[in-house]
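Chemist: Take this structure first; my questions come after.
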Amino acid sequence: MLDTGRLTPLARTVRTIETPWFDARLMELRTEPDSFEKILVVDGDPGATRPRPVAIVPYYDVDTPAGMDLGGRNYQPLGVRSFAWLAAQQGFIAVAIRWFGESYGERYDEAVANLETRHPGVSGLGKWIHDARRLLDWIETQPAMDKTRIGMIGHSLGGKMTLYATAFDRRIQAAVASEPGISLRFSNYGDPWYWGDRLRRLPAGADHDALLRRIAPRPFLLIAGEDADGEKSRALLEKAGGFPMINHGKGHTPTPESVGEAMRWLAERLR
């Protein structure tokens, strides 16, 4: 895993945004001594006087989680994937973070090649776990954010990021992953920006039940749609100790009902 030593938490504001629903700050978070990653802090109640729970939302870029076109390459308008916007409506301070593979115009294979040049032997998932830790370090310095109530919720790529970050950092107290492919056999974990060739070197029978057991006893919820995840996912969840699942059965994109239920579940776990 990538090691940058003790890095003082730092994030600089690039742009402030005011909407009828929330205030937001587009920021750059220092993840390495000379490298920054884009984050977006979405606050539905900026006048609150008490620290509030935090919902971290990892995705390709910060645009889709906020339902706003902020110049990223994977913008989708306000909808069921706008997890940061929806979390802010639930009383969270939402912090969307961009995946390193989207950074600064590189193609995914270029981002992976540049990572290998800077940090030989570090996988794409290892880089993400490192970036998540730097974000958590920064969140702990923010007076408005309650560091004892931090959750993470992500869809697809963001679901994979949620699974791995939660397994390797106990500061995340509860998590929701939507259609990540909960088993190594269910999705594209062998792609270079995830495990790459390392996947073939895992012991026979290795799977994500090991990661899920690292999460326990903290709460974890899987959203399935009978695409990457579905009824086939139950066996692995049970093997890891019996984590719950919402299966809307409508495909890869979550339904409004499943996202609403998951947001309420996360809010209840972090009260």
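In the structure tokens, the first chain shown is A, the next is B, and so on; residue numbers restart at 1 for each chain, and ligands run from 1 in the order shown.
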Find the nearest atom pair between each residue of region 71-111 of chain A and region 60-66 of chain A for residues within 7 Å, count only C-alpha atoms, give distances in Å to one decimal, sort rows by chain and ascending number, and present the table as CSV.
Modeler:
```
residue,atom,partner,partner_atom,distance
A:Gly72,CA,A:Asp61,CA,5.9
A:Asn74,CA,A:Asp61,CA,6.4
A:Tyr75,CA,A:Thr64,CA,5.0
A:Gln76,CA,A:Thr64,CA,4.9
A:Pro77,CA,A:Thr64,CA,6.6
A:Arg81,CA,A:Pro65,CA,6.1
A:Ser82,CA,A:Pro65,CA,3.9
A:Phe83,CA,A:Pro65,CA,4.9
A:Ala84,CA,A:Pro65,CA,4.9
A:Trp85,CA,A:Ala66,CA,5.0
A:Ala96,CA,A:Val62,CA,5.4
A:Ile97,CA,A:Val62,CA,5.8
A:Arg98,CA,A:Asp61,CA,4.3
A:Trp99,CA,A:Tyr60,CA,5.1
A:Glu102,CA,A:Tyr60,CA,6.2
```
Chemist: Any chance you could export the current selection's C-alpha atoms as a short mmCIF file (atom, residue, chain, number, x, y, z; two decimals), in the first residue's frame?
Modeler:
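To be explicit, this is the file written out as result28.cif:
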```cif
data_model
loop_
_atom_site.label_atom_id
_atom_site.label_comp_id
_atom_site.auth_asym_id
_atom_site.auth_seq_id
_atom_site.Cartn_x
_atom_site.Cartn_y
_atom_site.Cartn_z
CA GLY A 72 -15.80 16.59 -14.71
CA ASN A 74 -18.66 11.84 -16.02
CA TYR A 75 -21.41 14.33 -15.22
CA GLN A 76 -24.98 13.06 -14.85
CA PRO A 77 -27.83 15.42 -13.93
CA ARG A 81 -26.89 8.60 -8.43
CA SER A 82 -26.70 12.04 -6.80
CA PHE A 83 -25.70 10.52 -3.46
CA ALA A 84 -24.04 13.66 -2.08
CA TRP A 85 -27.11 15.80 -2.79
CA ALA A 96 -17.76 13.67 -2.60
CA ILE A 97 -14.29 12.61 -3.74
CA ARG A 98 -12.98 11.91 -7.21
CA TRP A 99 -11.33 8.58 -8.04
CA GLU A 102 -10.21 10.52 -13.46
#
```
Chemist: So that I can see what lies close to region 217-225 of chain A, please list as a PyMOL selection string the residues with an atom at most 7 Å from it, counting only C-alpha atoms and leaving out residues fewer than 4 positions away in the same chain.
Modeler: chain A and resi 173-179+229-230+243-252+254
Chemist: Excluding same-chain residues fewer than 6 positions from region 32-40 of chain A, what lies within 10 Å of it counting only C-alpha atoms, as a count of residues only?
Modeler: 43
Chemist: Just asking: which residues within region 6-223 of chain A are helix (DSSP H, G or I) according to DSSP, as a PyMOL selection string?
Modeler: chain A and resi 63-66+83-89+100-105+108-118+124-139+157-168+196-201+209-215
Chemist: Which residue is closest to Leu270 (chain A)? Choose from A:Glu238, A:Glu226, A:Asp191, A:Asp146 and count only C-alpha atoms.
Modeler: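 Smallest distance to Leu270 (chain A) is found for A:Asp146.
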Chemist: Among the residues of region 74-261 of chain A, find those DSSP assigns to strand (DSSP E or B) from the backbone and print them as a ChimeraX atom specification.
Modeler: /A:93-98,145-155,174-178,220-224,245-247
Chemist: Given the choices A:Lys147, A:His208, A:Arg73, A:Arg200, which gets closest to Arg170 (chain A) if the distance is worked out from only C-alpha atoms?
Modeler: A:Lys147
Chemist: Which neighbours of Ile129 (chain A) fall inside 8 Å, counting only C-alpha atoms, when residues of the same chain fewer than 2 positions from it are skipped, and could you give them as a list in words?
Modeler: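 In the requested format, the answer is Leu125, Gly126, Lys127, Asp131, Ala132, Arg133, Met161, Tyr164, Ala165 and Phe168 of chain A.
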Chemist: I need the residues from that last selection saved to file as a PDB file, in the first residue's frame (with N, CA and C atoms), if you can.
Modeler:
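Wrote it out as result-v5.pdb, contents follow:
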```
ATOM      1  N   LEU A 125      -6.424  -0.024  -6.272  1.00  0.00           N
ATOM      2  CA  LEU A 125      -7.205  -0.054  -5.033  1.00  0.00           C
ATOM      3  C   LEU A 125      -6.365   0.382  -3.838  1.00  0.00           C
ATOM      4  N   GLY A 126      -5.071   0.055  -3.863  1.00  0.00           N
ATOM      5  CA  GLY A 126      -4.186   0.530  -2.801  1.00  0.00           C
ATOM      6  C   GLY A 126      -4.078   2.040  -2.794  1.00  0.00           C
ATOM      7  N   LYS A 127      -4.007   2.638  -3.993  1.00  0.00           N
ATOM      8  CA  LYS A 127      -3.978   4.096  -4.107  1.00  0.00           C
ATOM      9  C   LYS A 127      -5.264   4.697  -3.549  1.00  0.00           C
ATOM     10  N   ASP A 131      -5.835   7.403  -0.511  1.00  0.00           N
ATOM     11  CA  ASP A 131      -6.524   8.686  -0.671  1.00  0.00           C
ATOM     12  C   ASP A 131      -7.670   8.819   0.327  1.00  0.00           C
ATOM     13  N   ALA A 132      -8.387   7.718   0.573  1.00  0.00           N
ATOM     14  CA  ALA A 132      -9.481   7.754   1.548  1.00  0.00           C
ATOM     15  C   ALA A 132      -8.957   8.092   2.939  1.00  0.00           C
ATOM     16  N   ARG A 133      -7.810   7.550   3.293  1.00  0.00           N
ATOM     17  CA  ARG A 133      -7.231   7.859   4.598  1.00  0.00           C
ATOM     18  C   ARG A 133      -6.846   9.332   4.701  1.00  0.00           C
ATOM     19  N   MET A 161     -15.028   1.240  -4.098  1.00  0.00           N
ATOM     20  CA  MET A 161     -14.215   2.131  -3.272  1.00  0.00           C
ATOM     21  C   MET A 161     -14.703   2.118  -1.829  1.00  0.00           C
ATOM     22  N   TYR A 164     -13.634  -1.241   0.010  1.00  0.00           N
ATOM     23  CA  TYR A 164     -12.222  -1.323   0.367  1.00  0.00           C
ATOM     24  C   TYR A 164     -11.837  -0.287   1.424  1.00  0.00           C
ATOM     25  N   ALA A 165     -12.315   0.937   1.278  1.00  0.00           N
ATOM     26  CA  ALA A 165     -11.964   1.962   2.267  1.00  0.00           C
ATOM     27  C   ALA A 165     -12.491   1.594   3.643  1.00  0.00           C
ATOM     28  N   PHE A 168     -10.489  -1.105   5.472  1.00  0.00           N
ATOM     29  CA  PHE A 168      -9.136  -0.774   5.906  1.00  0.00           C
ATOM     30  C   PHE A 168      -9.041   0.486   6.771  1.00  0.00           C
TER      31      PHE A 168
END
```
Chemist: Excluding Leu236 (chain A) and its own-chain neighbours fewer than 5 positions away, which residues fall within 10 Å of it when counting only C-alpha atoms? Please give them as a PDB file with all heavy atoms, in the first residue's frame.
Modeler:
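Result written to out_16.pdb:
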```
ATOM      1  N   ILE A 182     -20.012  -7.707  -5.225  1.00  0.00           N
ATOM      2  CA  ILE A 182     -19.511  -7.973  -3.881  1.00  0.00           C
ATOM      3  C   ILE A 182     -18.505  -9.121  -3.875  1.00  0.00           C
ATOM      4  O   ILE A 182     -17.688  -9.237  -2.964  1.00  0.00           O
ATOM      5  CB  ILE A 182     -20.691  -8.254  -2.915  1.00  0.00           C
ATOM      6  CG1 ILE A 182     -20.265  -8.082  -1.458  1.00  0.00           C
ATOM      7  CG2 ILE A 182     -21.294  -9.617  -3.176  1.00  0.00           C
ATOM      8  CD1 ILE A 182     -19.867  -6.678  -1.092  1.00  0.00           C
ATOM      9  N   SER A 183     -18.523  -9.957  -4.895  1.00  0.00           N
ATOM     10  CA  SER A 183     -17.536 -11.023  -5.038  1.00  0.00           C
ATOM     11  C   SER A 183     -16.505 -10.646  -6.099  1.00  0.00           C
ATOM     12  O   SER A 183     -16.819  -9.949  -7.064  1.00  0.00           O
ATOM     13  CB  SER A 183     -18.215 -12.336  -5.436  1.00  0.00           C
ATOM     14  OG  SER A 183     -17.260 -13.308  -5.818  1.00  0.00           O
ATOM     15  N   ASP A 207     -11.749 -14.394  -1.526  1.00  0.00           N
ATOM     16  CA  ASP A 207     -12.856 -13.557  -1.971  1.00  0.00           C
ATOM     17  C   ASP A 207     -13.083 -12.440  -0.959  1.00  0.00           C
ATOM     18  O   ASP A 207     -12.375 -12.325   0.047  1.00  0.00           O
ATOM     19  CB  ASP A 207     -14.128 -14.392  -2.155  1.00  0.00           C
ATOM     20  CG  ASP A 207     -15.034 -13.843  -3.254  1.00  0.00           C
ATOM     21  OD1 ASP A 207     -14.937 -12.635  -3.575  1.00  0.00           O
ATOM     22  OD2 ASP A 207     -15.843 -14.616  -3.791  1.00  0.00           O
ATOM     23  N   HIS A 208     -14.118 -11.645  -1.213  1.00  0.00           N
ATOM     24  CA  HIS A 208     -14.347 -10.452  -0.403  1.00  0.00           C
ATOM     25  C   HIS A 208     -14.974 -10.743   0.951  1.00  0.00           C
ATOM     26  O   HIS A 208     -15.187  -9.807   1.732  1.00  0.00           O
ATOM     27  CB  HIS A 208     -15.219  -9.464  -1.173  1.00  0.00           C
ATOM     28  CG  HIS A 208     -14.475  -8.687  -2.205  1.00  0.00           C
ATOM     29  ND1 HIS A 208     -15.068  -8.234  -3.370  1.00  0.00           N
ATOM     30  CD2 HIS A 208     -13.176  -8.281  -2.265  1.00  0.00           C
ATOM     31  CE1 HIS A 208     -14.175  -7.572  -4.093  1.00  0.00           C
ATOM     32  NE2 HIS A 208     -13.022  -7.598  -3.448  1.00  0.00           N
ATOM     33  N   ASP A 209     -15.279 -11.995   1.252  1.00  0.00           N
ATOM     34  CA  ASP A 209     -15.738 -12.280   2.613  1.00  0.00           C
ATOM     35  C   ASP A 209     -14.663 -11.890   3.628  1.00  0.00           C
ATOM     36  O   ASP A 209     -14.981 -11.493   4.756  1.00  0.00           O
ATOM     37  CB  ASP A 209     -16.133 -13.744   2.770  1.00  0.00           C
ATOM     38  CG  ASP A 209     -15.012 -14.691   2.375  1.00  0.00           C
ATOM     39  OD1 ASP A 209     -14.603 -14.654   1.201  1.00  0.00           O
ATOM     40  OD2 ASP A 209     -14.551 -15.467   3.236  1.00  0.00           O
ATOM     41  N   ALA A 210     -13.392 -11.947   3.209  1.00  0.00           N
ATOM     42  CA  ALA A 210     -12.312 -11.514   4.102  1.00  0.00           C
ATOM     43  C   ALA A 210     -12.397 -10.015   4.383  1.00  0.00           C
ATOM     44  O   ALA A 210     -12.185  -9.569   5.515  1.00  0.00           O
ATOM     45  CB  ALA A 210     -10.957 -11.857   3.496  1.00  0.00           C
ATOM     46  N   LEU A 212     -15.191  -8.204   4.168  1.00  0.00           N
ATOM     47  CA  LEU A 212     -16.409  -7.978   4.941  1.00  0.00           C
ATOM     48  C   LEU A 212     -16.202  -8.316   6.409  1.00  0.00           C
ATOM     49  O   LEU A 212     -16.741  -7.640   7.291  1.00  0.00           O
ATOM     50  CB  LEU A 212     -17.552  -8.804   4.349  1.00  0.00           C
ATOM     51  CG  LEU A 212     -18.060  -8.308   2.986  1.00  0.00           C
ATOM     52  CD1 LEU A 212     -18.942  -9.373   2.334  1.00  0.00           C
ATOM     53  CD2 LEU A 212     -18.809  -6.997   3.117  1.00  0.00           C
ATOM     54  N   GLY A 241     -20.859 -13.186   7.825  1.00  0.00           N
ATOM     55  CA  GLY A 241     -21.507 -12.906   9.100  1.00  0.00           C
ATOM     56  C   GLY A 241     -22.927 -12.428   9.002  1.00  0.00           C
ATOM     57  O   GLY A 241     -23.557 -12.144  10.022  1.00  0.00           O
ATOM     58  N   GLY A 242     -23.462 -12.285   7.786  1.00  0.00           N
ATOM     59  CA  GLY A 242     -24.873 -11.960   7.649  1.00  0.00           C
ATOM     60  C   GLY A 242     -25.196 -10.493   7.474  1.00  0.00           C
ATOM     61  O   GLY A 242     -26.066  -9.964   8.170  1.00  0.00           O
ATOM     62  N   PHE A 243     -24.505  -9.801   6.572  1.00  0.00           N
ATOM     63  CA  PHE A 243     -24.818  -8.401   6.299  1.00  0.00           C
ATOM     64  C   PHE A 243     -26.108  -8.293   5.479  1.00  0.00           C
ATOM     65  O   PHE A 243     -26.417  -9.164   4.666  1.00  0.00           O
ATOM     66  CB  PHE A 243     -23.673  -7.735   5.534  1.00  0.00           C
ATOM     67  CG  PHE A 243     -22.437  -7.506   6.363  1.00  0.00           C
ATOM     68  CD1 PHE A 243     -21.337  -8.334   6.243  1.00  0.00           C
ATOM     69  CD2 PHE A 243     -22.383  -6.464   7.277  1.00  0.00           C
ATOM     70  CE1 PHE A 243     -20.198  -8.125   7.000  1.00  0.00           C
ATOM     71  CE2 PHE A 243     -21.255  -6.244   8.047  1.00  0.00           C
ATOM     72  CZ  PHE A 243     -20.156  -7.078   7.902  1.00  0.00           C
TER      73      PHE A 243
END
```
Chemist: Which of these residues is nearest to Ser258 (chain A), using only C-alpha atoms: A:Val80, A:Trp128, A:Gly159, A:Leu199?
Modeler: A:Val80
Chemist: How many Å lie between CA of Met27 (chain A) and CA of Val54 (chain A), rounded to one decimal?
Modeler: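 We find that CA of Met27 (chain A) and CA of Val54 (chain A) lie 16.3 Å from each other.
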Chemist: Neighbouring residues of Met263 (chain A) were defined as those with any atom within 8 Å, considering only C-alpha atoms; residues of the same chain fewer than 3 positions away were excluded. Please report them as an mmCIF file with N, CA and C atoms, in the first residue's frame.
Modeler:
```
data_model
loop_
_atom_site.group_PDB
_atom_site.id
_atom_site.type_symbol
_atom_site.label_atom_id
_atom_site.label_comp_id
_atom_site.auth_asym_id
_atom_site.auth_seq_id
_atom_site.Cartn_x
_atom_site.Cartn_y
_atom_site.Cartn_z
ATOM 1 N N LEU A 86 -28.391 13.859 -2.057
ATOM 2 C CA LEU A 86 -29.388 13.163 -1.252
ATOM 3 C C LEU A 86 -28.955 13.043 0.204
ATOM 4 N N ALA A 87 -27.668 12.802 0.432
ATOM 5 C CA ALA A 87 -27.177 12.708 1.810
ATOM 6 C C ALA A 87 -27.315 14.041 2.528
ATOM 7 N N GLN A 90 -30.542 14.486 4.024
ATOM 8 C CA GLN A 90 -30.750 13.662 5.226
ATOM 9 C C GLN A 90 -30.055 14.245 6.456
ATOM 10 N N VAL A 259 -32.500 3.753 -2.957
ATOM 11 C CA VAL A 259 -31.576 4.782 -2.469
ATOM 12 C C VAL A 259 -32.152 5.485 -1.253
ATOM 13 N N GLY A 260 -33.446 5.785 -1.293
ATOM 14 C CA GLY A 260 -34.084 6.418 -0.138
ATOM 15 C C GLY A 260 -33.995 5.550 1.096
ATOM 16 N N LEU A 266 -28.509 4.533 6.618
ATOM 17 C CA LEU A 266 -27.223 5.114 6.997
ATOM 18 C C LEU A 266 -27.403 6.168 8.069
ATOM 19 N N ALA A 267 -28.425 7.012 7.911
ATOM 20 C CA ALA A 267 -28.670 8.065 8.903
ATOM 21 C C ALA A 267 -28.982 7.469 10.273
#
```
Chemist: Could you check how far CA of Ala144 (chain A) sits from CA of Asp169 (chain A), in Å to one decimal?
Modeler: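 A separation of 21.1 Å between them.
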Chemist: Name the closest residue to Val122 (chain A) among the candidates A:Gly105, A:Pro143, A:Gly151, A:Gly196; distances are taken between atoms, counting only C-alpha atoms.
Modeler: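 The shortest atom-to-atom distance to Val122 (chain A) comes from A:Gly196.
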Chemist: Using only C-alpha atoms, which of the listed residues (A:Ile153, A:Ala228, A:Leu78, A:Leu136) sits closest to Pro180 (chain A)?
Modeler: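 Of all the options, A:Ala228 lies closest to Pro180 (chain A).
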Chemist: What does the distance from CA of Ile150 (chain A) to CA of Ala88 (chain A) come to in Å, to one decimal?
Modeler: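 CA of Ala88 (chain A) lies 13.4 Å from CA of Ile150 (chain A).
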Chemist: Counting only C-alpha atoms, which residue out of A:Trp193, A:Pro53, A:Arg213, A:Ala204 sits closest to Glu268 (chain A)?
Modeler: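 Among the listed residues, the smallest separation from Glu268 (chain A) belongs to A:Pro53.
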